[in-house]
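This is model16.txt. It holds compact mmCIF, C-alpha atoms and all ligand atoms.
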```
# COMPACT_ATOMS: atom_id res chain seq x y z
CA MET A 1 -11.88 -64.97 -33.52
CA LYS A 2 -12.29 -64.20 -37.20
CA VAL A 3 -10.30 -61.37 -38.74
CA ALA A 4 -10.87 -59.70 -42.11
CA ILE A 5 -7.67 -58.64 -43.86
CA ASP A 6 -7.96 -56.20 -46.74
CA PRO A 7 -4.87 -55.70 -48.90
CA GLY A 8 -5.69 -52.40 -50.61
CA HIS A 9 -6.30 -51.92 -54.35
CA GLY A 10 -5.96 -54.83 -56.84
CA MET A 11 -8.23 -56.25 -59.54
CA SER A 12 -11.60 -54.54 -60.05
CA ASN A 13 -11.05 -52.27 -57.06
CA ARG A 14 -12.40 -49.15 -58.75
CA ARG A 15 -13.57 -50.53 -62.11
CA ARG A 16 -14.59 -54.07 -63.00
CA GLY A 17 -11.82 -55.88 -64.86
CA VAL A 18 -9.28 -53.10 -64.31
CA TYR A 19 -6.28 -53.69 -62.08
CA ASP A 20 -5.71 -50.84 -59.61
CA SER A 21 -2.04 -50.85 -58.64
CA GLY A 22 -2.50 -48.14 -56.02
CA ALA A 23 0.49 -45.86 -55.52
CA THR A 24 3.51 -46.63 -57.67
CA HIS A 25 7.12 -45.57 -57.56
CA VAL A 26 10.04 -46.19 -59.93
CA GLU A 27 13.54 -46.34 -58.51
CA ASP A 28 16.60 -47.41 -60.53
CA GLY A 29 14.39 -48.94 -63.21
CA THR A 30 12.33 -51.00 -60.77
CA LYS A 31 8.63 -50.26 -60.44
CA TYR A 32 7.13 -50.69 -57.01
CA GLU A 33 3.38 -51.06 -56.61
CA GLU A 34 1.36 -50.51 -53.48
CA ALA A 35 -1.15 -53.26 -54.41
CA ALA A 36 1.60 -55.90 -54.72
CA ILE A 37 3.43 -54.88 -51.55
CA VAL A 38 0.33 -54.76 -49.35
CA LEU A 39 -0.81 -58.12 -50.74
CA LYS A 40 2.42 -59.62 -49.39
CA TYR A 41 1.65 -58.01 -46.03
CA GLY A 42 -1.90 -59.35 -46.12
CA LEU A 43 -0.78 -62.91 -46.84
CA THR A 44 1.90 -62.77 -44.14
CA LEU A 45 -0.62 -61.39 -41.65
CA LYS A 46 -3.04 -64.17 -42.58
CA ASP A 47 -0.37 -66.77 -41.81
CA VAL A 48 0.37 -65.15 -38.45
CA PHE A 49 -3.28 -65.17 -37.36
CA ARG A 50 -3.82 -68.73 -38.59
CA ALA A 51 -0.70 -69.97 -36.84
CA GLN A 52 -2.27 -68.71 -33.62
CA GLY A 53 -5.49 -70.59 -34.32
CA HIS A 54 -7.64 -67.74 -35.65
CA ALA A 55 -9.79 -67.67 -38.77
CA VAL A 56 -9.12 -65.15 -41.52
CA PHE A 57 -11.19 -63.68 -44.34
CA MET A 58 -9.17 -62.10 -47.17
CA THR A 59 -10.88 -59.46 -49.32
CA ARG A 60 -8.42 -60.58 -52.00
CA ASP A 61 -5.83 -63.36 -52.12
CA ASP A 62 -3.98 -62.70 -55.35
CA PRO A 63 -3.64 -60.10 -58.13
CA GLU A 64 -6.54 -61.60 -60.14
CA ASP A 65 -9.07 -61.67 -57.32
CA HIS A 66 -11.98 -59.31 -58.10
CA ALA A 67 -12.42 -57.04 -55.09
CA PRO A 68 -14.53 -53.94 -55.76
CA VAL A 69 -13.84 -51.40 -53.05
CA GLY A 70 -17.55 -50.92 -52.40
CA GLU A 71 -18.10 -54.63 -51.63
CA ARG A 72 -15.14 -55.38 -49.37
CA ALA A 73 -16.65 -54.34 -46.05
CA ARG A 74 -19.90 -56.20 -46.72
CA ASN A 75 -18.15 -59.36 -47.90
CA ALA A 76 -16.03 -59.29 -44.76
CA LYS A 77 -19.10 -58.90 -42.58
CA ASN A 78 -20.88 -61.74 -44.39
CA SER A 79 -17.86 -63.95 -43.70
CA GLY A 80 -18.46 -63.50 -39.98
CA ALA A 81 -15.34 -61.43 -39.30
CA GLN A 82 -15.37 -59.31 -36.13
CA VAL A 83 -12.61 -56.89 -37.07
CA PHE A 84 -11.47 -55.41 -40.37
CA ILE A 85 -7.86 -54.49 -41.09
CA SER A 86 -7.10 -52.67 -44.31
CA LEU A 87 -3.47 -52.40 -45.43
CA HIS A 88 -2.14 -49.56 -47.59
CA LEU A 89 0.96 -47.58 -48.43
CA ASN A 90 0.93 -43.82 -48.50
CA ASP A 91 1.96 -41.53 -51.32
CA PHE A 92 2.55 -37.84 -51.76
CA ASP A 93 3.96 -35.55 -54.47
CA ASP A 94 6.90 -34.80 -52.23
CA ASP A 95 9.15 -37.88 -51.98
CA THR A 96 10.44 -36.75 -48.58
CA ALA A 97 7.04 -37.37 -46.98
CA ASN A 98 7.32 -40.35 -44.67
CA GLY A 99 5.91 -42.07 -41.63
CA LEU A 100 3.07 -44.20 -40.44
CA GLU A 101 -0.57 -43.47 -39.71
CA VAL A 102 -3.65 -45.49 -38.80
CA LEU A 103 -7.01 -44.27 -40.08
CA TYR A 104 -10.17 -45.00 -38.17
CA ARG A 105 -13.84 -44.16 -38.51
CA GLY A 106 -15.24 -43.49 -35.06
CA ASN A 107 -14.79 -43.77 -31.33
CA ASP A 108 -15.25 -47.56 -31.35
CA ASP A 109 -12.21 -47.91 -33.59
CA LYS A 110 -10.02 -45.19 -32.09
CA VAL A 111 -8.57 -47.21 -29.22
CA LEU A 112 -7.40 -50.03 -31.49
CA ALA A 113 -6.06 -47.47 -33.99
CA GLN A 114 -3.91 -45.83 -31.31
CA LYS A 115 -2.61 -49.15 -30.00
CA LEU A 116 -1.61 -50.17 -33.53
CA GLN A 117 0.00 -46.79 -34.17
CA ASP A 118 2.10 -46.99 -31.01
CA ALA A 119 3.19 -50.60 -31.52
CA LEU A 120 4.02 -50.12 -35.21
CA LEU A 121 6.07 -46.99 -34.51
CA ALA A 122 8.09 -49.00 -32.01
CA VAL A 123 8.83 -51.78 -34.51
CA THR A 124 9.51 -49.56 -37.57
CA ASN A 125 10.98 -46.39 -35.99
CA PHE A 126 8.94 -44.48 -38.57
CA LYS A 127 7.81 -40.91 -38.06
CA ASP A 128 4.56 -40.61 -36.10
CA ARG A 129 1.95 -39.09 -38.43
CA LYS A 130 -0.70 -39.73 -35.75
CA ILE A 131 -3.98 -41.57 -36.06
CA LYS A 132 -6.53 -39.83 -38.25
CA ARG A 133 -10.30 -39.91 -38.19
CA ARG A 134 -11.81 -40.69 -41.62
CA ASP A 135 -15.50 -41.48 -41.77
CA ASP A 136 -15.68 -41.28 -45.58
CA LEU A 137 -13.74 -44.42 -46.54
CA ALA A 138 -15.76 -47.25 -48.11
CA VAL A 139 -13.76 -50.05 -46.49
CA LEU A 140 -14.23 -48.54 -43.04
CA LYS A 141 -18.00 -48.89 -43.40
CA PHE A 142 -17.47 -52.42 -42.05
CA ASP A 143 -20.07 -53.28 -39.41
CA GLY A 144 -17.61 -53.75 -36.54
CA VAL A 145 -14.22 -52.41 -35.51
CA ALA A 146 -12.28 -51.30 -38.60
CA VAL A 147 -8.92 -49.64 -39.15
CA LEU A 148 -6.84 -48.75 -42.19
CA ILE A 149 -3.08 -48.85 -41.70
CA GLU A 150 -0.95 -46.65 -43.95
CA LEU A 151 2.26 -48.57 -43.29
CA GLY A 152 4.62 -46.01 -44.80
CA PHE A 153 5.38 -44.03 -47.97
CA ILE A 154 6.18 -45.96 -51.14
CA ALA A 155 8.32 -43.16 -52.60
CA HIS A 156 10.36 -42.58 -49.45
CA ASP A 157 13.61 -44.54 -49.80
CA SER A 158 14.06 -45.61 -46.20
CA ASN A 159 10.34 -46.27 -45.56
CA ARG A 160 10.27 -48.43 -48.70
CA ALA A 161 13.50 -50.27 -47.81
CA VAL A 162 12.09 -51.20 -44.42
CA LEU A 163 8.73 -52.27 -45.85
CA LEU A 164 10.33 -54.46 -48.54
CA ASN A 165 12.50 -56.30 -46.00
CA PRO A 166 10.91 -59.75 -45.43
CA GLN A 167 12.15 -59.91 -41.83
CA LYS A 168 10.58 -56.53 -41.07
CA ARG A 169 7.37 -57.60 -42.81
CA GLN A 170 7.18 -60.59 -40.51
CA GLU A 171 7.80 -58.41 -37.44
CA ILE A 172 5.23 -55.84 -38.54
CA CYS A 173 2.60 -58.52 -39.17
CA GLU A 174 3.28 -60.20 -35.83
CA THR A 175 2.93 -56.81 -34.17
CA ILE A 176 -0.42 -56.14 -35.86
CA ALA A 177 -1.73 -59.58 -34.91
CA ASN A 178 -0.58 -59.31 -31.30
CA VAL A 179 -2.16 -55.89 -30.83
CA VAL A 180 -5.46 -56.99 -32.39
CA LEU A 181 -5.66 -60.23 -30.42
CA ARG A 182 -4.82 -58.52 -27.13
CA HIS A 183 -7.37 -55.79 -27.84
CA PHE A 184 -10.16 -58.34 -28.20
CA GLU A 185 -9.04 -60.62 -25.37
CA THR A 186 -11.78 -60.97 -22.81
ZN ZN B 1 -3.86 -47.32 -50.92
```

Please express what this file holds, its structure, as structure tokens.
Amino acid sequence: MKVAIDPGHGMSNRRRGVYDSGATHVEDGTKYEEAAIVLKYGLTLKDVFRAQGHAVFMTRDDPEDHAPVGERARNAKNSGAQVFISLHLNDFDDDTANGLEVLYRGNDDKVLAQKLQDALLAVTNFKDRKIKRRDDLAVLKFDGVAVLIELGFIAHDSNRAVLLNPQKRQEICETIANVVLRHFET
């Protein structure tokens, strides 16, 4: 199958020529950016799907790739992808907010969203923030099954530590790929 992977934010996301870093957090002089972290997840997830013989469309491959938010779903559809997976980190004023949630648009997406939520909670041990219905998100206007995974909170120390761990990133990406592939198995 062909899978569209959408690492959130990045170059020209909201405004042409302007880099959108997404949520940011500074800890001990180091600045963490959602756009950079989810790009690593996207590229790892791409490798996992490809290693299993599946095609991948990336809405963006690197920090310079122009990827206006309003064009991502259409570009993914034009690529022939059957499913759209958007990757984000969450943020909130309160740095104690934490946990994982999968956003979905409608009933066609809800089953996959719940499967991803359950499997990712098992691999991360993050707090269950439940799946959430959002029919207003541009990227979820993809013509086909689409989900947006908020992997965890960038400002939450233990969420961030887990998400920055390369071994965990590999496990999380393998989990996402396995759930998606099993969901579409006929
Ligand atoms: Zn985001």

*asked:* Can you measure atom CA of A:Gln82 to atom CA of A:Lys2 for me? One decimal in Å is fine.
replied: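 Separation of atom CA of A:Gln82 and atom CA of A:Lys2: 5.9 Å.
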
*asked:* 9 Å from ligand ZN 1 (chain B) is the threshold here; counting only C-alpha atoms and all ligand atoms, which polymer residues fall inside it? Answer as a list in words.
replied: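 Listing the residues within 9 Å of ligand ZN 1 (chain B) gives Pro7, Gly8, His9, Ser21, Gly22, Ala23, Glu34, Ala35, Val38, Leu87, His88, Leu89, Asn90, Asp91 and Glu150 of chain A.
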
*Which polymer residues, protein or nucleic acid, are no farther than 8 Å from (-15.8, -50.2, -45.6), counting all atoms listed in the file, as a count of residues only?*
13

_Nearest to A:Lys110 by atom-to-atom distance, counting only C-alpha atoms, from A:Arg14, A:His183, A:Ala55, A:Pro166_ =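 When distances to A:Lys110 are compared using only C-alpha atoms, the smallest one comes from A:His183.
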
*asked:* (8.1, -55.3, -44.9) in this file's frame - what residues fall within 10 Å of it? Use all atoms listed in the file and give the answer as number ranges by chain.
replied: A: 37-38, 40-41, 44, 124, 151-152, 159-173

*What is the atom CA of A:Ser12-atom CA of A:His66 distance in Å, reported with one decimal?*
5.2 Å

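Atom pair atom CA of A:Asn98 / atom CA of A:Ile131: separated by 14.3 Å.
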
*Which of these, A:Ala76, A:Leu120, A:Val48, A:Val147, has the shortest distance to A:Lys132 once you count only C-alpha atoms?*
A:Val147

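Proximity to A:Asp6 was assessed for A:Leu103, A:Leu116, A:Ala97, A:Ile149 counting all atoms listed in the file; the smallest distance is recorded for A:Ile149.
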
*Using only C-alpha atoms, pick whichever of A:Asp61, A:Ala81, A:Asn178, A:Arg129 has the shortest atom-to-atom distance to A:Leu112.*
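The closest residue to A:Leu112 is A:Asn178.
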
For stretch 75-93 of chain A of the block above, can you save N, CA, C and O atoms as a short mmCIF file (atom, residue, chain, number, x, y, z; two decimals), in the first residue's frame?
```cif
data_model
loop_
_atom_site.label_atom_id
_atom_site.label_comp_id
_atom_site.auth_asym_id
_atom_site.auth_seq_id
_atom_site.Cartn_x
_atom_site.Cartn_y
_atom_site.Cartn_z
N ASN A 75 -1.84 17.03 -1.91
CA ASN A 75 -0.61 16.46 -2.47
C ASN A 75 -0.49 14.98 -2.13
O ASN A 75 -0.06 14.17 -2.96
N ALA A 76 -0.90 14.63 -0.93
CA ALA A 76 -0.84 13.23 -0.52
C ALA A 76 -1.81 12.39 -1.35
O ALA A 76 -1.49 11.29 -1.79
N LYS A 77 -3.00 12.95 -1.57
CA LYS A 77 -3.99 12.22 -2.38
C LYS A 77 -3.49 12.05 -3.81
O LYS A 77 -3.59 10.97 -4.40
N ASN A 78 -2.92 13.13 -4.36
CA ASN A 78 -2.40 13.07 -5.73
C ASN A 78 -1.27 12.07 -5.88
O ASN A 78 -1.02 11.56 -6.97
N SER A 79 -0.59 11.79 -4.78
CA SER A 79 0.52 10.82 -4.82
C SER A 79 0.00 9.38 -4.89
O SER A 79 0.77 8.46 -5.13
N GLY A 80 -1.30 9.22 -4.62
CA GLY A 80 -1.89 7.89 -4.63
C GLY A 80 -1.91 7.22 -3.27
O GLY A 80 -2.22 6.03 -3.16
N ALA A 81 -1.62 7.97 -2.21
CA ALA A 81 -1.63 7.39 -0.86
C ALA A 81 -3.06 7.04 -0.43
O ALA A 81 -4.01 7.74 -0.77
N GLN A 82 -3.18 5.93 0.30
CA GLN A 82 -4.50 5.49 0.79
C GLN A 82 -4.78 5.93 2.21
O GLN A 82 -5.92 5.90 2.66
N VAL A 83 -3.75 6.26 2.95
CA VAL A 83 -3.93 6.64 4.35
C VAL A 83 -2.96 7.78 4.66
O VAL A 83 -1.87 7.85 4.07
N PHE A 84 -3.38 8.66 5.55
CA PHE A 84 -2.62 9.87 5.86
C PHE A 84 -2.34 9.90 7.35
O PHE A 84 -3.26 9.84 8.16
N ILE A 85 -1.06 9.97 7.69
CA ILE A 85 -0.67 9.99 9.11
C ILE A 85 0.10 11.27 9.41
O ILE A 85 1.20 11.46 8.90
N SER A 86 -0.50 12.13 10.21
CA SER A 86 0.15 13.39 10.56
C SER A 86 0.75 13.25 11.95
O SER A 86 0.12 12.70 12.86
N LEU A 87 1.98 13.74 12.11
CA LEU A 87 2.71 13.58 13.37
C LEU A 87 2.96 14.94 14.02
O LEU A 87 3.52 15.84 13.38
N HIS A 88 2.57 15.07 15.27
CA HIS A 88 2.72 16.33 16.01
C HIS A 88 3.12 16.06 17.45
O HIS A 88 2.96 14.94 17.95
N LEU A 89 3.59 17.14 18.10
CA LEU A 89 3.74 17.13 19.56
C LEU A 89 2.77 18.14 20.12
O LEU A 89 2.45 19.14 19.49
N ASN A 90 2.32 17.89 21.32
CA ASN A 90 1.35 18.75 21.96
C ASN A 90 2.05 19.82 22.80
O ASN A 90 3.22 19.69 23.14
N ASP A 91 1.30 20.85 23.13
CA ASP A 91 1.85 21.92 23.96
C ASP A 91 0.71 22.55 24.75
O ASP A 91 -0.44 22.57 24.30
N PHE A 92 1.05 23.04 25.92
CA PHE A 92 0.05 23.69 26.76
C PHE A 92 0.78 24.65 27.69
O PHE A 92 1.95 24.44 28.00
N ASP A 93 0.11 25.69 28.13
CA ASP A 93 0.73 26.67 29.05
C ASP A 93 1.29 25.99 30.29
O ASP A 93 2.32 26.37 30.81
#
```
